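Just coords.cif here, mmCIF, C-alpha atoms and all ligand atoms:
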data_protein
loop_
_atom_site.label_atom_id
_atom_site.label_comp_id
_atom_site.auth_asym_id
_atom_site.auth_seq_id
_atom_site.Cartn_x
_atom_site.Cartn_y
_atom_site.Cartn_z
CA MET A 232 26.23 -4.58 -3.93
CA ASP A 233 25.48 -8.28 -3.77
CA ARG A 234 25.10 -9.52 -0.21
CA ARG A 235 23.08 -12.63 -1.04
CA ASP A 236 25.70 -14.80 0.65
CA ASP A 237 24.99 -12.98 3.90
CA TYR A 238 21.48 -14.47 3.98
CA PRO A 239 20.28 -18.05 4.40
CA LEU A 240 17.66 -17.58 1.67
CA VAL A 241 16.78 -20.74 -0.22
CA PRO A 242 18.42 -20.94 -3.63
CA GLY A 243 16.21 -20.89 -6.70
CA LYS A 244 13.66 -18.44 -5.34
CA THR A 245 13.49 -14.71 -6.10
CA PHE A 246 12.81 -12.62 -3.00
CA LEU A 247 11.44 -9.17 -3.83
CA ASN A 248 9.19 -8.71 -0.81
CA HIS A 249 11.53 -7.69 1.98
CA GLY A 250 8.98 -5.09 3.10
CA SER A 251 6.62 -7.76 4.44
CA PHE A 252 8.77 -9.79 6.83
CA GLY A 253 12.38 -8.72 6.25
CA ALA A 254 15.22 -11.25 6.28
CA THR A 255 17.94 -11.49 8.89
CA PRO A 256 21.58 -11.61 7.78
CA LEU A 257 23.85 -14.43 8.96
CA PRO A 258 26.14 -12.32 11.18
CA VAL A 259 23.08 -11.33 13.24
CA LEU A 260 21.64 -14.86 13.19
CA ARG A 261 24.99 -16.28 14.33
CA ALA A 262 25.14 -13.83 17.25
CA ALA A 263 21.56 -14.75 18.17
CA ARG A 264 22.34 -18.47 17.92
CA ALA A 265 25.40 -18.14 20.16
CA LEU A 266 23.31 -16.32 22.78
CA ARG A 267 20.54 -18.89 22.52
CA ILE A 268 22.96 -21.75 23.12
CA GLU A 269 24.62 -19.87 25.99
CA ALA A 270 21.18 -19.27 27.53
CA GLU A 271 20.11 -22.89 27.23
CA GLN A 272 23.39 -24.17 28.67
CA ASP A 273 22.67 -22.50 32.00
CA TYR A 274 19.51 -20.39 32.01
CA PRO A 275 19.77 -19.27 35.65
CA ALA A 276 23.27 -17.90 35.04
CA PHE A 277 22.05 -16.32 31.78
CA TYR A 278 19.14 -14.70 33.60
CA TYR A 279 21.09 -13.42 36.60
CA ASP A 280 24.31 -12.31 34.87
CA ARG A 281 23.71 -11.76 31.21
CA VAL A 282 20.24 -11.02 29.90
CA PHE A 283 19.76 -7.55 31.39
CA PRO A 284 23.22 -6.09 30.59
CA VAL A 285 23.14 -7.55 27.06
CA LEU A 286 19.59 -6.25 26.53
CA GLU A 287 20.63 -2.81 27.72
CA GLY A 288 23.64 -2.75 25.38
CA SER A 289 21.41 -3.84 22.50
CA ARG A 290 18.74 -1.25 23.32
CA ARG A 291 21.34 1.51 23.59
CA ALA A 292 22.88 0.55 20.23
CA VAL A 293 19.45 0.86 18.57
CA CYS A 294 18.65 4.18 20.30
CA ASP A 295 22.06 5.56 19.47
CA HIS A 296 21.83 4.52 15.81
CA LEU A 297 18.32 5.89 15.33
CA GLY A 298 18.85 9.08 17.35
CA ILE A 299 16.36 8.12 20.05
CA PRO A 300 16.88 9.65 23.51
CA MET A 301 18.16 6.81 25.73
CA GLY A 302 15.35 6.74 28.26
CA ARG A 303 12.52 6.73 25.73
CA GLY A 304 13.00 3.75 23.42
CA VAL A 305 12.38 0.11 24.38
CA PHE A 306 12.06 -3.27 22.72
CA VAL A 307 8.61 -4.80 22.36
CA ARG A 308 7.63 -7.86 20.31
CA ASN A 309 6.67 -5.97 17.14
CA SER A 310 5.10 -2.72 15.99
CA THR A 311 1.63 -4.23 16.52
CA THR A 312 2.48 -4.60 20.23
CA ALA A 313 3.86 -1.06 20.27
CA MET A 314 0.54 0.28 18.90
CA GLN A 315 -1.42 -1.67 21.52
CA THR A 316 0.88 -0.37 24.27
CA VAL A 317 0.23 3.23 23.25
CA VAL A 318 -3.53 2.75 22.88
CA ASP A 319 -3.66 1.14 26.33
CA HIS A 320 -1.61 4.02 27.74
CA LEU A 321 -3.94 6.62 26.26
CA ALA A 322 -6.88 4.86 27.97
CA LEU A 323 -9.36 6.33 25.49
CA ARG A 324 -12.86 6.67 26.89
CA GLU A 325 -16.37 6.67 25.51
CA GLY A 326 -17.09 9.83 23.56
CA GLU A 327 -13.43 10.69 23.01
CA HIS A 328 -12.34 11.18 19.44
CA VAL A 329 -9.58 9.62 17.32
CA VAL A 330 -8.63 10.53 13.76
CA THR A 331 -7.07 7.94 11.49
CA THR A 332 -6.69 7.38 7.75
CA SER A 333 -8.06 4.96 5.18
CA ARG A 334 -4.53 3.74 4.40
CA GLU A 335 -3.64 2.11 7.70
CA TYR A 336 -2.37 -1.41 8.22
CA GLU A 337 -5.09 -4.02 8.78
CA ALA A 338 -4.10 -4.62 12.43
CA THR A 339 -4.60 -0.90 13.05
CA VAL A 340 -7.99 -1.00 11.32
CA VAL A 341 -9.06 -3.77 13.70
CA LEU A 342 -7.65 -1.87 16.69
CA MET A 343 -9.71 1.17 15.69
CA ARG A 344 -12.85 -0.99 15.33
CA LEU A 345 -12.35 -2.33 18.85
CA LEU A 346 -12.00 1.23 20.14
CA GLU A 347 -15.28 2.07 18.42
CA GLN A 348 -16.94 -0.85 20.18
CA ARG A 349 -15.90 0.82 23.45
CA GLY A 350 -17.64 4.03 22.41
CA VAL A 351 -14.58 5.92 21.15
CA VAL A 352 -15.49 7.98 18.10
CA VAL A 353 -13.12 7.12 15.25
CA ASP A 354 -12.99 9.34 12.16
CA THR A 355 -11.28 7.83 9.14
CA VAL A 356 -10.11 10.41 6.61
CA ASP A 357 -9.07 9.67 3.02
CA GLY A 358 -5.47 8.46 3.31
CA ARG A 359 -4.23 9.50 -0.13
CA HIS A 360 -1.16 11.69 0.09
CA GLU A 361 -2.44 14.84 -1.58
CA GLY A 362 -3.92 17.08 1.15
CA LEU A 363 -3.66 14.40 3.85
CA VAL A 364 -2.23 16.61 6.60
CA GLU A 365 -4.97 19.21 6.03
CA ARG A 366 -7.70 16.54 6.07
CA ILE A 367 -6.43 15.15 9.38
CA LEU A 368 -6.17 18.61 10.94
CA ASP A 369 -9.66 19.54 9.71
CA ALA A 370 -11.05 16.38 11.32
CA CYS A 371 -9.53 17.21 14.73
CA GLY A 372 -11.84 18.91 17.22
CA PRO A 373 -12.08 19.67 20.94
CA ARG A 374 -12.66 15.99 21.86
CA THR A 375 -9.79 14.63 19.74
CA ARG A 376 -7.31 12.72 21.89
CA ALA A 377 -5.22 11.01 19.23
CA VAL A 378 -4.28 10.83 15.56
CA VAL A 379 -3.23 7.39 14.32
CA VAL A 380 -1.25 7.50 11.09
CA SER A 381 1.42 5.56 9.20
CA HIS A 382 4.80 7.02 8.36
CA VAL A 383 5.11 4.72 5.33
CA THR A 384 1.81 3.25 4.12
CA SER A 385 2.37 -0.38 3.32
CA PRO A 386 1.12 -1.29 -0.18
CA TRP A 387 1.68 2.16 -1.68
CA SER A 388 5.19 2.84 -0.20
CA GLN A 389 3.81 6.34 0.39
CA VAL A 390 5.72 8.46 2.92
CA ASN A 391 3.36 10.67 4.90
CA ASP A 392 4.49 14.06 6.15
CA VAL A 393 4.29 13.17 9.82
CA ASP A 394 6.56 16.08 10.78
CA ALA A 395 4.23 18.68 9.26
CA LEU A 396 1.30 17.02 11.01
CA THR A 397 2.93 16.88 14.46
CA ALA A 398 4.23 20.45 14.11
CA ALA A 399 0.66 21.62 13.47
CA LEU A 400 -0.71 19.51 16.36
CA GLU A 401 1.90 20.63 18.89
CA GLY A 402 0.33 22.21 21.95
CA ARG A 403 -3.20 20.99 21.10
CA GLY A 404 -3.12 18.06 23.53
CA VAL A 405 -3.53 15.50 20.75
CA ALA A 406 -1.29 12.42 20.78
CA THR A 407 0.10 11.28 17.43
CA VAL A 408 0.51 7.52 17.24
CA VAL A 409 2.78 6.77 14.31
CA ASP A 410 2.80 3.33 12.73
CA ALA A 411 6.46 3.43 11.74
CA ALA A 412 6.86 -0.24 10.83
CA HIS A 413 8.86 0.59 7.67
CA THR A 414 10.88 3.49 9.07
CA ALA A 415 13.86 2.18 11.07
CA GLY A 416 16.74 1.43 8.70
CA GLN A 417 14.99 2.90 5.68
CA ILE A 418 14.24 6.58 6.34
CA PRO A 419 14.96 8.99 9.21
CA LEU A 420 12.60 8.80 12.18
CA PRO A 421 9.98 11.53 12.46
CA VAL A 422 10.80 14.42 14.79
CA MET A 423 10.03 13.37 18.36
CA ARG A 424 7.85 16.22 19.52
CA PRO A 425 5.71 16.17 22.67
CA GLY A 426 2.77 13.82 22.18
CA VAL A 427 4.46 11.78 19.42
CA TYR A 428 4.69 7.98 19.83
CA LEU A 429 6.63 5.89 17.31
CA CYS A 430 5.81 2.20 16.78
CA LEU A 431 8.79 0.68 14.99
CA THR A 432 9.66 -2.71 13.58
CA LEU A 433 13.37 -3.56 13.49
CA HIS A 434 13.13 -6.87 11.61
CA LYS A 435 12.19 -5.29 8.28
CA TRP A 436 14.97 -2.79 7.48
CA LEU A 437 17.31 -2.85 10.49
CA HIS A 438 18.29 -6.53 10.23
CA LEU A 439 17.17 -7.77 13.66
CA PRO A 440 15.43 -11.14 13.95
CA LYS A 441 11.63 -11.33 14.03
CA GLY A 442 10.12 -10.35 17.34
CA SER A 443 11.97 -7.07 17.57
CA GLY A 444 9.59 -4.14 17.63
CA PHE A 445 10.62 -0.89 19.25
CA LEU A 446 8.48 1.71 20.98
CA VAL A 447 9.51 5.34 21.33
CA VAL A 448 7.47 7.57 23.61
CA PRO A 449 7.46 11.32 24.22
CA ASP A 450 9.60 12.59 27.05
CA GLU A 451 6.67 13.69 29.19
CA GLU A 452 5.12 10.18 29.10
CA ALA A 453 8.25 8.06 29.65
CA ASP A 454 7.62 7.77 33.38
CA ASP A 455 4.11 6.38 32.91
CA VAL A 456 3.96 4.08 29.85
CA ARG A 457 3.68 0.44 30.92
CA PRO A 458 4.13 -2.80 28.97
CA VAL A 459 0.93 -4.56 27.89
CA VAL A 460 2.10 -7.63 29.80
CA THR A 461 2.55 -7.02 33.51
CA SER A 462 5.55 -8.78 34.98
CA TRP A 463 8.09 -8.26 37.76
CA TYR A 464 9.40 -4.83 36.80
CA ALA A 465 6.25 -3.21 35.40
CA GLU A 466 6.26 -0.72 38.30
CA ALA A 467 9.95 0.16 38.01
CA GLU A 468 10.95 3.79 37.85
CA THR A 469 12.58 3.86 34.43
CA MET A 470 10.92 2.88 31.18
CA PRO A 471 13.79 0.62 30.02
CA ARG A 472 13.54 -1.34 33.28
CA ARG A 473 9.74 -1.59 33.07
CA PHE A 474 10.00 -3.08 29.57
CA SER A 475 12.98 -5.34 30.29
CA TRP A 476 11.10 -8.53 31.18
CA ALA A 477 7.67 -9.69 30.05
CA GLY A 478 7.78 -13.06 31.78
CA THR A 479 9.83 -16.01 30.57
CA ASP A 480 9.83 -15.63 26.82
CA ASP A 481 12.14 -15.84 23.84
CA VAL A 482 14.15 -12.64 24.33
CA ILE A 483 17.02 -13.47 21.99
CA ALA A 484 15.81 -11.18 19.17
CA HIS A 485 16.14 -8.22 21.53
CA LEU A 486 19.74 -8.99 22.40
CA VAL A 487 21.44 -8.52 19.04
CA GLY A 488 20.96 -4.81 18.37
CA VAL A 489 24.72 -4.21 18.41
CA GLU A 490 25.33 -6.75 15.64
CA ALA A 491 22.34 -5.55 13.57
CA VAL A 492 23.44 -1.93 13.76
CA ALA A 493 27.01 -2.96 12.84
CA TYR A 494 25.62 -4.76 9.77
CA GLN A 495 23.64 -1.67 8.80
CA HIS A 496 26.82 0.45 9.06
CA GLU A 497 28.62 -2.04 6.87
CA VAL A 498 26.01 -2.05 4.09
CA LEU A 499 25.60 1.73 4.27
CA ALA A 500 29.37 2.12 3.84
CA GLN A 501 29.17 -0.22 0.84
CA GLY A 502 26.56 1.94 -0.87
CA LEU A 503 23.15 0.68 0.30
CA LEU A 504 21.46 3.96 -0.62
CA THR A 505 22.86 3.86 -4.16
CA HIS A 506 21.88 0.19 -4.40
CA TRP A 507 18.29 1.11 -3.49
CA ARG A 508 18.25 4.03 -5.93
CA VAL A 509 19.64 2.06 -8.86
CA LEU A 510 17.51 -1.05 -8.37
CA THR A 511 14.25 0.72 -7.55
CA ALA A 512 14.72 2.86 -10.70
CA ARG A 513 15.39 -0.28 -12.72
CA ALA A 514 12.35 -1.98 -11.18
CA GLU A 515 10.08 0.97 -11.84
CA GLU A 516 11.16 1.21 -15.45
CA GLY A 517 10.73 -2.53 -15.97
CA LEU A 518 7.35 -2.65 -14.26
CA LEU A 519 5.96 0.32 -16.18
CA ALA A 520 7.06 -1.27 -19.46
CA ILE A 521 4.59 -4.15 -18.84
CA PRO A 522 1.32 -3.55 -20.74
CA GLY A 523 -1.42 -2.35 -18.39
CA VAL A 524 0.90 -1.43 -15.48
CA SER A 525 0.76 2.26 -14.53
CA THR A 526 2.05 4.74 -11.96
CA LEU A 527 0.19 5.52 -8.77
CA ALA A 528 -0.97 9.04 -7.87
CA ARG A 529 2.02 11.26 -7.13
CA ALA A 530 3.41 10.93 -3.57
CA PRO A 531 6.80 10.72 -1.90
CA ARG A 532 7.86 7.04 -1.87
CA SER A 533 10.15 5.18 0.49
CA PRO A 534 13.61 4.60 -1.02
CA ALA A 535 13.79 0.79 -0.91
CA MET A 536 10.34 0.00 -2.34
CA VAL A 537 8.49 0.57 -5.61
CA SER A 538 4.72 0.44 -5.90
CA VAL A 539 2.74 0.44 -9.15
CA GLN A 540 -0.85 -0.04 -10.20
CA LEU A 541 -1.67 -3.31 -11.94
CA PRO A 542 -4.38 -3.84 -14.53
CA ASP A 543 -7.61 -5.38 -13.29
CA VAL A 544 -6.44 -8.69 -11.80
CA ASP A 545 -7.29 -10.78 -8.77
CA PRO A 546 -4.30 -9.98 -6.53
CA GLU A 547 -4.61 -13.15 -4.47
CA ALA A 548 -4.69 -15.42 -7.49
CA MET A 549 -1.78 -13.51 -8.97
CA LEU A 550 0.30 -13.84 -5.81
CA ARG A 551 -0.37 -17.57 -5.71
CA GLU A 552 0.72 -17.81 -9.34
CA LEU A 553 3.90 -15.80 -8.66
CA HIS A 554 4.73 -17.87 -5.60
CA GLY A 555 4.15 -21.04 -7.62
CA ARG A 556 6.81 -19.76 -10.03
CA GLY A 557 9.28 -18.99 -7.24
CA VAL A 558 8.84 -15.22 -7.10
CA ASP A 559 7.97 -13.45 -3.85
CA LEU A 560 6.37 -10.06 -4.52
CA TRP A 561 3.55 -8.28 -2.70
CA CYS A 562 0.25 -7.33 -4.26
CA GLY A 563 -3.17 -6.41 -2.93
CA LEU A 564 -6.39 -4.60 -3.72
CA THR A 565 -6.37 -0.92 -2.70
CA ASP A 566 -8.22 2.34 -3.31
CA GLU A 567 -5.99 2.70 -6.40
CA GLY A 568 -6.94 -0.72 -7.72
CA PRO A 569 -4.59 -3.70 -7.50
CA VAL A 570 -1.17 -2.46 -6.32
CA LEU A 571 2.10 -4.35 -6.60
CA ARG A 572 5.03 -3.58 -4.32
CA LEU A 573 8.62 -4.63 -5.04
CA SER A 574 11.28 -4.30 -2.33
CA VAL A 575 15.03 -3.94 -2.71
CA ALA A 576 17.18 -5.35 0.12
CA PRO A 577 20.96 -5.76 0.47
CA TYR A 578 20.67 -9.26 -1.06
CA THR A 579 18.64 -8.12 -4.10
CA THR A 580 20.43 -8.20 -7.45
CA ALA A 581 19.61 -6.63 -10.83
CA ALA A 582 19.06 -10.19 -12.09
CA ASP A 583 16.48 -10.77 -9.32
CA VAL A 584 14.62 -7.62 -10.31
CA ASP A 585 14.65 -8.51 -14.01
CA HIS A 586 13.61 -12.09 -13.36
CA GLY A 587 10.77 -11.09 -11.00
CA ILE A 588 9.45 -8.57 -13.51
CA GLY A 589 9.78 -11.06 -16.36
CA VAL A 590 7.72 -13.64 -14.45
CA LEU A 591 5.16 -10.99 -13.49
CA GLU A 592 4.81 -10.03 -17.16
CA GLN A 593 4.15 -13.66 -18.10
CA VAL A 594 1.59 -14.04 -15.31
CA LEU A 595 -0.22 -10.86 -16.33
CA ALA A 596 -0.20 -11.93 -20.00
CA GLY A 597 -1.69 -15.28 -18.93
CA ALA A 598 -4.41 -13.48 -16.94
CA ARG A 599 -5.22 -11.30 -19.98
CA ARG A 600 -5.47 -14.35 -22.23
CA ALA A 601 -7.78 -16.06 -19.73
CA VAL A 602 -10.08 -13.01 -19.68
CA ALA A 603 -10.07 -12.79 -23.49
CA ALA A 604 -10.96 -16.48 -23.79
CA ARG A 605 -14.03 -16.10 -21.53
C1 LIG A 701 2.53 -0.43 7.68
C2 LIG A 701 2.66 -1.59 8.61
N1 LIG A 701 2.28 -1.44 9.88
C3 LIG A 701 2.37 -2.44 10.78
C4 LIG A 701 2.88 -3.67 10.41
C5 LIG A 701 2.92 -4.74 11.44
O1 LIG A 701 4.20 -5.09 11.76
P1 LIG A 701 4.43 -6.28 12.79
O2 LIG A 701 3.83 -7.49 12.18
O3 LIG A 701 5.91 -6.35 12.91
O4 LIG A 701 3.78 -5.90 14.07
C6 LIG A 701 3.28 -3.89 9.09
C7 LIG A 701 3.79 -5.20 8.69
O5 LIG A 701 3.99 -5.52 7.56
C8 LIG A 701 3.18 -2.82 8.17
O6 LIG A 701 3.53 -2.97 6.90
#
Now, as a test, write the supplied structure out as structure tokens.
Amino acid sequence: MDRRDDYPLVPGKTFLNHGSFGATPLPVLRAARALRIEAEQDYPAFYYDRVFPVLEGSRRAVCDHLGIPMGRGVFVRNSTTAMQTVVDHLALREGEHVVTTSREYEATVVLMRLLEQRGVVVDTVDGRHEGLVERILDACGPRTRAVVVSHVTSPWSQVNDVDALTAALEGRGVATVVDAAHTAGQIPLPVMRPGVYLCLTLHKWLHLPKGSGFLVVPDEEADDVRPVVTSWYAEAETMPRRFSWAGTDDVIAHLVGVEAVAYQHEVLAQGLLTHWRVLTARAEEGLLAIPGVSTLARAPRSPAMVSVQLPDVDPEAMLRELHGRGVDLWCGLTDEGPVLRLSVAPYTTAADVDHGIGVLEQVLAGARRAVAAR
């Protein structure tokens, strides 16, 4: 599979970091552009006749594709907004208890800190995969209102067993807030049990433009969850209507679900899963052949990303060096030392993978020489 021509990516640069921001393919961008022009030609007509039916068709296409019950999934700006929406809905009070993990996304870490400032008691358990579900369950007590956990943890590409966790929590009155930013388009959604909220991003792996998060709520809460921004329809009876308008804003990203899902069907039919398997295996082999690069602790990994441990380097300096040489990878300091993540997208080629790894090897060799010369 080589779908590079589907993407307006600048030539001469090697993009191996789809997991951070995603990239939108041209068929989706063209559909978005046509809608944007139509909207700007006559916004009142667009507002009164088009935006709500098109949004509803787009929302239904996403729900249908991801297996989300129609009344329970809505567009929001991003998964960060989805998390905030759920936290606001839970209205956690002083003395109530939340369990989270040490491997959450930074925005979630900040959100938890702000809850603590309000007197909510936040317990952070070790987020490594081995024994994680047991650690979370052990930390839950009579005052626990929510567990906040990622489906795929970002730097490590580690897939957490959210289904085992929510099965064990069922009936205990504990909400599970799942940061599922890497889920849609990459792996099946967790089982939607009572109390389970999914905070999705559609611009990473489901090809929508940026600004397309998606919130899925449990059936019993769908009548009550409100958008974080109160506008005209925030009191409407159905959840899709309540979330359909957040004031005048750029809504175009939410209108092209049909085209994005069609693109996903196309690349799946052309062997996307095999493409991921072949190129992530190639990447892992190439990365582990670099002196000093090693495997992370054993854990299930997401299919389109590879994460490895780097030798002792300054991740920020290394990223700058890689970017300076035209290679976009992701790397950061974690509880397993510096971790590098390489993503495989429909536009990624074997040559991209080999080139990115070759440049990384040179950069690491340079860093080793610099240390030796000190
Ligand atoms: C694990 C994880 N959670 C949340 C987010 C936030 O996503 P967004 O910026 O779309 O809100 C990201 C973004 O990279 C992520 O990797």
- Message: My list of candidates is A:Thr397, A:Ile483, A:Gly426, A:Arg599. Which is closest to Ile268 in chain A when distances are computed with all atoms listed in the file?
- Response: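 Looking only at the distances to Ile268 in chain A, the closest residue turns out to be A:Ile483.
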- Could you give me, as a count of residues only, the residues within 12 Å of Glu451 in chain A, counting only C-alpha atoms and dropping anything in the same chain fewer than 5 positions from it? 11
Can you tell me, as JSON, the centre and edge lengths (Å, one decimal) of the axis-aligned box enclosing all of ligand LIG 701 (chain A)'s listed atoms after padding each side by 6 Å?
{"center_x": 4.1, "center_y": -4.0, "center_z": 10.5, "size_x": 15.6, "size_y": 19.1, "size_z": 19.2}
- Task: Go through A:Leu433, A:Val293, A:Ala370, A:Leu266 and flag the residue nearest ligand LIG 701 (chain A), using only C-alpha atoms and all ligand atoms for the distances.
- Result: A:Leu433
- Message: Excluding Val584 in chain A and its own-chain neighbours fewer than 3 positions away, which residues fall within 10 Å of it when counting all atoms listed in the file? Please give them as a VMD selection string.
- Response: chain A and resid 245 to 247 510 to 511 513 to 515 517 to 518 573 to 575 579 to 581 587 to 589
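Comparing A:Gly442, A:Pro258, A:Pro577, A:Pro471 by their smallest distance to ligand LIG 701 (chain A), the closest is A:Gly442 (using all atoms listed in the file).
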- Query: Which of these residues is nearest to Val489 in chain A, using only C-alpha atoms: A:Gly288, A:Pro534, A:Gly416, A:Pro373?
  - Reply: A:Gly288
- Spatial neighbours of Leu368 in chain A, max dist 9 Å, only C-alpha atoms, sep filter under 2 positions, as a list of chain:residue names: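 Once the adjacent positions are removed, what remains is A:Val330, A:Leu363, A:Val364, A:Glu365, A:Arg366, A:Ala370, A:Cys371, A:Gly372, A:Leu396, A:Ala399, A:Leu400.
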- Shell of 12 Å around Glu547 in chain A, all atoms listed in the file, local chain residues under 3 positions omitted, as a PyMOL selection string: chain A and resi 544+550-554+560-564+569-571
- Could you state the separation of CA of Ala377 in chain A and CA of Arg472 in chain A in Å, given to one decimal place? 26.5 Å
- Query: Taking into account all atoms listed in the file, which residue in the set A:Thr312, A:Thr565, A:Gln495, A:Asn248 is nearest to ligand LIG 701 (chain A)?
  - Reply: A:Thr312
- Message: Neighbours of ligand LIG 701 (chain A) at 6 Å or closer, counting only C-alpha atoms and all ligand atoms: which residues, as a PyMOL selection string?
- Response: chain A and resi 251+309-311+336+384-385+410+412+432
- Message: Taking 2 positions as the minimum chain separation for residues in the same chain, which residues sit within 12 Å of Val460 in chain A when counting all atoms listed in the file? Answer as a ChimeraX atom specification.
- Response: /A:307-308,312-313,315-316,319,456-458,462-466,473-480
